[in-house]
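Trainee: Provided herewith is a single structure, encoded as structure tokens, for subsequent inquiry.
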Amino acid sequence: MRLNQLGLWVLLTCFCLLSPTHAAAGAQTSANCTRTVRVGTFDQAAPYSVAAITRWVDDGGTCWTYWRQAFGLRALELLDRGDLDLAILGSTPYASSVARGAKVTAVSVLKNIAGSEGVVACEQVDRLQAMRGKIFMAPYASTAHYTLLATIVEAGIDVNEVTVLTRAPAEIVAAWDAGEIHGGACWGACIAHMLSTPRGGDIVPGHVVVDAGTVGRWNYRTFDVLAANDAFLARSPDLVGKAVDAFARASYDYEASFGTTGGWAYDGGAYLGLVQEFANLAGGSRTRDDVAAAMARDEYPTTTAQLADPIWSPTRSQAVFLFDQKALFVDPREQDQAFYEAAFDPSSLKIASTETTPLGASPRALPLATTAPLLPSPDGGCAPVGIVSLVSSVGKDAATLADGSAENRAYAPSATCLWAVAAPGTRSCVDFEVSFLSSEAPYDRLEVFDAGGTLRATYLGRSGAAQPAVRACFDDAVDDERRVATCRGLLDGSDVADPEDGSDAADAACDGVEKTVLYVRWATDADDETPVPPVRVGFAATAKLVDLAAPCGCVHGAERDGANPGECSCVCDPGWGGAFCEVPYCVGVVDLARDGGTIRAAPAGHDYASFARCGWKISTRGARNRVALSFDGTIDVEPVYDSLRVYASHAVEGYAAVADTAAAGAMCTPSNTMLKAPMLFESDVLVTFESDGLVGRSGFELNWALVKPDCASQCVHGSCDVNDACICEAGWYGLDCAANACFGPTKLSARGGRIKSGNAMDYASLMVCTWVLDADPPSRILRLRFRSIDLEPIGREAVAADTIKVYAGGLEGLPVRTINARIPAIPNYKGPPKWLVQGTSGGVDTFTSDDELEVDLGDARSATIVFNSDAANPKAYEGFDLDYAFSADYCNAVWPCAPLYVCEDLACVEAPSPSSKKKSSSDDTAWIVVVAIAASLVFLGAVGWAVKFYRSTRKMETERAVLVRDQLNEAKSLVSDFQAPFCTIAGDAFVALGELVPHEVLRDKGAVRVYDVTANLKKARADGEVFVFLSHQWLAYDNPDPEGVHFAAMTHAVGLAAAKAGVPLSKLRVWVDIVSIPQVNRSSQRLAVASLPTFASCCDLFIVVAPDATHHDTLLKCDSKTFRSRSWCRAEISACWARNGTENMFYATNSGLKLLAPNGALRPEALEVFSGGLTCCGLNHPDGMPCDKEALMLPMLGLFIEIYAQRGAKRDAWHRVAPRLDALYPKHFEYTTCAGDGGASVTETLPLFGDLIEAAMASVDAGKGPRELMYGYAPGASARSRDKVHAGRSSLLRGLIPKHSGSQSERSLRSLFRGSRPSSSRTSMASTKSTRSSPCTPCRTVSSEGSTAELPILRTSVSAGFAQSMTWHASPPAVSARGLGSQVSFGNLDGLPEALDESNESGPTSV
């Protein structure tokens, strides 16, 4: 790479010397600049690149420099901190910046990304689904990263099945060439290289699996914006406007010619040549054709189009998607539309004049000369190691340190240079000062360490502000061996320590550092910003001896005497940093030598700095001292991105040249849940604070003090033992038991005990808690029982998890058990929650808090339990509370002993036998005889009663067993084949109807095609027929579509279905309820309705049609929300899913059929058929109308039996259903009926599934035949009618119930429906009349506007996780000038599928 850059530098230099035009263009040097504008760019081919390569915008003393950024996040960080004034950002990093509140504003939309970006893969990945099990890379939080994640989601792949690594483009290219990845997503030179170069080990170059334009049509739009630093925008709006106008003019000129005329002509256009030159500045070799093709793949909107583009919506959508993917840790949903609109300032667009002014007609025409970039030094820059000896008189011998760059030569990439600054004697101090600094923060940086290896300062960036000084004095406590170790540690990982020839030159390099006072290290990464035109970069610094007689000159602090006479240093006020306390932010690591004080990252009234890396050393200075830390107020740091940590060691990686590996993890990561009491530590402590490049805040105020141990006064939530140690109550941690959340390691040595993660209502992100359990005595078996467990549920898109891991012995190897909360909370479920537990082999099982987990520790005889939380927990979760025991005989209140054993000293021992007492008197004997006679008489009476009772009970049990058997058989029969003819209509005939027509009309015309059994469908498919099931909601009580809204949507959907299946409309067989189900003959209708689940599951395509409409009778809005709240709609979805999965389940949009659940997993609510709404329930079942829940029960039971019987083949379906049996198949339901107009309503709790689910599983497991009885189970519901004509229960039970509801016969019948299996976790409930009664009024339903309406319809209750409704618009959108076809617009129907997909809580809409 360096050779390529060197060659390009030589060629451009020669071009500069030979070109008089170039010389004129470059005549304005940095010395002539009164103002400088720094712009971040990329190596993409775009029309506006001509401004960067030509200095076209320079004039009037204003110079523009263009700094190439590796990817958007880098540019964003530099823009926010002021190292750049303007920057080109992809919409994804821009969306992140807006959500996080960065000081950045978009001022124009430069282009809509289409074909210039995409996912490129090797030959093995020939389709989207082939991405499973592969490794892909993308730059972090970039548009390419967003495109890659969206592709995985749309392909229906669990993100855990694809390894996604985030790397810079140059690293992606290197990994591709090495054969380490299967593909990647990037742009510019990166994607060009992958498309032209075979992956390492392959012979075929990569190919585009999907480009950003295609993904954009899936409603994942990406674009580039020109963004400004807020302070620069406020200070220089004229310069921002000039950039917007110039960039837009270049794009307009390109779009006007589009490769055919003028400077943009493919056959030698000068402007195109400029873009090619700019695109190759970083060493690329793209041809003019490559550049022309790349530019043509994207769209460059005019200023008018930009002003009409509400980019706030896709910006917010991208931020929500990133948050759901845990690539963003601030919830974008907390901000409203106005917040996102404010992040785009159109002022400059409104005054731009680009619509009519091409480049050539500009008052300042675009020059055709180019400007050479600043390229890295060809000789490598600074020396790897240098010894700087200060031996002359004080203040006169100042050594100069520099990186080796020059005005026309950048510093070297991938460099590590080290200077050891030595003092002439033991009473010497050195001041280090930086006079010039311009580096790419935080990747290229200058660091200063003292002789002992402690970080004292970090310098980075190019803000131009004064840099803090460092003072270091010779330290006798640091011996020569430690100085050498520091030198070697600072070179670790560099070419000096690990040269390519395998030798180790670090020993020789570190020879002669014995008198070192401080070390200076300059380190750069492999990327280079290649600024155009050349500007000075790198650093210049001096090191000079200090006059010990001079005062310290502390600005915001007090002087402190040093270790030697005459030495002095400054003790800074809280938040101030530097040798003289001269800057308002923390700098490096500070030694705190007093007995107490306050720690801040910035003074009060200031925000902490970006890219901060600060530390505070606190020493106990005595075996009897403890360090006490407490917070004054809240911790105001940006969660996840900025971190405050406490370590039990001063030698921590990143803060010391040689780290203490034994103290690798932070003891504590304080959060706002841990502020109520001080935290005590008995060892030396290092408090660290780090921030990223965005969004500084006020920080924190941490008070510290050295205290003596005193259990009586310090033990907050615990008790003092005989050793005066505080023994914590469950969930409290620290030496004083004051922390309400776990942290660091906790050692427990006992046969059993309790572990609670904390007492906070919301555990923090990025927690790492460890419990080391030493069995006493040693044991092979560890038993676990959870009192409670509340962890973040894992969606299918989550790329991280909160887990509890159990290791045998220490942390070496894989955990023997991994527990997490993959199963989401189940609404209205009252049983114990179900969780997943995974073994070492990868097998997965479920358990509840009632279950005991047994872990085999093998030969380890000890265990380690680790609790990890990931970077983002969007909701509050409490953690877990468990009991553990190492042996079978351990006992306490949680672990009771077996019968005939008692618990003594936490161990089960055999209970003593009761002592016998002799009876000798005759009175005792007589008394025994009397009692024996009486007992005999009672016994004989009881036997007679028992025989009678047994016969009665046995009869009842047999009746119940017969009913259960018959219901199971009927359920299987209902789903085994059609119970009524399967009626369809040809696709072309359906479209020609003009409106939805009832079944009988079409039957009489011969338009209905009938299939009597499922076997007929197989033959029809062989003839090329494709079956389509259209699912929708009726828009009136007696008419499915009175206004024709649904029919219009259905005809569009049918056309999409034909295109999807690749068949003409005539080959489609459309099923839709009003057309396919008899409407006159109620008996036939009931059979067809009972077959609805079977109909839905037998179709090739299942399509939801749910545009916005208004219910004809209720005048309420009907849309996707009301659709997905309907029980019948959920039943259709569940049936299709249970048999066919989600692969062919879609909803119709203006851009095609979208997967109903793109991740392959429906949301929990979509399967909850019996918690949905029904019209009969909304009407309160007048005059005993049967409830549709009873009619739905048997078909849904039949589908469950299929899933359970085939749970090996239907593993995914079974794992979705198994943890939620009570929610999906409720044992009972509430039935409310009204006795005529104005009569009272009566509510009963009636059986629904009863024990049929348990009976079905037992029947399958036992292999019972259709005639075998099922004893011990309560039956489910039978359809009922309660009006005067149809009095009684069902045909099966009719005549068994007398008129008097309180009679013995009814009580006996109710016992049929009572459960008899108390061991089951699913509790049965008898059918009982409720005492609730009220006037029979229509249901009160909340309208979409929030008002209530007295209307007799269902109670609509949509779960909070569902998205906004889909919207139908009649007018098509504007057609692109590039010739995109016209489309019917469904509005939000084009949104990202989420509502029936478990991975999203909210966001863009779907069904």
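The way I read the labels, and the way they are meant: chains A, B, ... in the order of the structure tokens, residue 1 as the first residue of every chain, and ligand 1 as the first ligand shown, with later ones counted on from there.
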Taking only range 1207-1260 of chain A into account, list the residues labelled strand (DSSP E or B) by DSSP (computed from the backbone), as a list in words.
Mentor: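 Result set for range 1207-1260 of chain A (strand (DSSP E or B)): His1228, Phe1229, Glu1230, Tyr1231, Thr1232, Thr1233, Cys1234, Ala1240, Ser1241, Val1242, Thr1243, Glu1244, Thr1245, Leu1246 and Pro1247 of chain A.
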Trainee: Please list as a list in words every residue within 10 Å of Lys805 in chain A, counting only C-alpha atoms and excluding residues in the same chain fewer than 3 positions away.
Mentor: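 My list of contacting residues is Thr770, Asp802, Leu811, Leu814, Pro815, Val816, Arg817, Thr818, Ile819, Asn820, Val837, Gln838, Gly839, Thr864, Ile865, Val866, Phe867 and Asn868 of chain A.
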Trainee: Please provide as a list in words all residues within 8 Å of Cys983 in chain A, with the sequence filter that same-chain residues fewer than 2 positions apart are discarded (counting only C-alpha atoms).
Mentor: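 What passes the distance filter is Pro981, Ile985, Val1008, Arg1009, Val1010, Tyr1011, Trp1071, Val1075, Ser1076 and Ile1077 of chain A.
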Trainee: Keeping only C-alpha atoms, write the selected residues to a file as a JSON list (two decimals), in the first residue's frame.
Mentor:
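Just written: again-v8.json:
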```json
[["chain", "number", "residue", "atom", "x", "y", "z"],
["A", 981, "PRO", "CA", -65.30, -28.19, -0.12],
["A", 985, "ILE", "CA", -61.80, -18.61, -8.18],
["A", 1008, "VAL", "CA", -66.13, -21.35, -8.49],
["A", 1009, "ARG", "CA", -63.56, -24.14, -8.69],
["A", 1010, "VAL", "CA", -64.11, -26.81, -6.05],
["A", 1011, "TYR", "CA", -61.62, -29.21, -4.47],
["A", 1071, "TRP", "CA", -59.44, -18.16, -1.86],
["A", 1075, "VAL", "CA", -66.22, -15.90, -2.42],
["A", 1076, "SER", "CA", -65.25, -19.28, -1.02],
["A", 1077, "ILE", "CA", -67.53, -19.86, 1.99]]
```
Trainee: I need the alpha helix (DSSP H) residues of range 48-270 of chain A per DSSP on the backbone, written as number ranges by chain.
Mentor: A: 49-54, 72-81, 91-100, 143-154, 169-177, 188-196, 212-217, 230-235, 237-257, 270
Trainee: Might you pull out every residue within 7 Å of Thr34 in chain A, with only C-alpha atoms counted and same-chain residues fewer than 2 positions away left off, and present them as a ChimeraX atom specification?
Mentor: /A:32,36,61-62
Trainee: Give me the residues within 12 Å of His650 in chain A as an MDAnalysis selection string, counting only C-alpha atoms and dropping any in the same chain fewer than 4 places off.
Mentor: chainID A and resid 452:455 589:592 615:620 646 654:664 666 683:688
Trainee: Applying 10 Å and only C-alpha atoms, which residues near Asp636 in chain A remain after dropping the ones on its own chain fewer than 4 positions away? List them as a list in words.
Mentor: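 With the cut-off at 10 Å, the set is Asp607, Asp642, Ser671, Asn672, Gly696, Arg697, Ser698, Gly699, Phe700 and Glu701 of chain A.
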Trainee: Using only C-alpha atoms, which of A:Val1001, A:Ala1022, A:Ala46, A:Ala150 sits nearest Phe321 in chain A?
Mentor: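 Nearest to Phe321 in chain A: A:Ala150.
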Trainee: I'd like to know which of A:Ser236, A:Thr426, A:Val806, A:Ala243 is closest to Arg55 in chain A, using only C-alpha atoms.
Mentor: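 The closest residue to Arg55 in chain A is A:Ala243.
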Trainee: Could you tell me which of A:Ile191, A:Ala1256, A:Leu694, A:Val1242 comes closest to Val104 in chain A if we count only C-alpha atoms?
Mentor: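 Of A:Ile191, A:Ala1256, A:Leu694, A:Val1242, the one nearest Val104 in chain A is A:Leu694, counting only C-alpha atoms.
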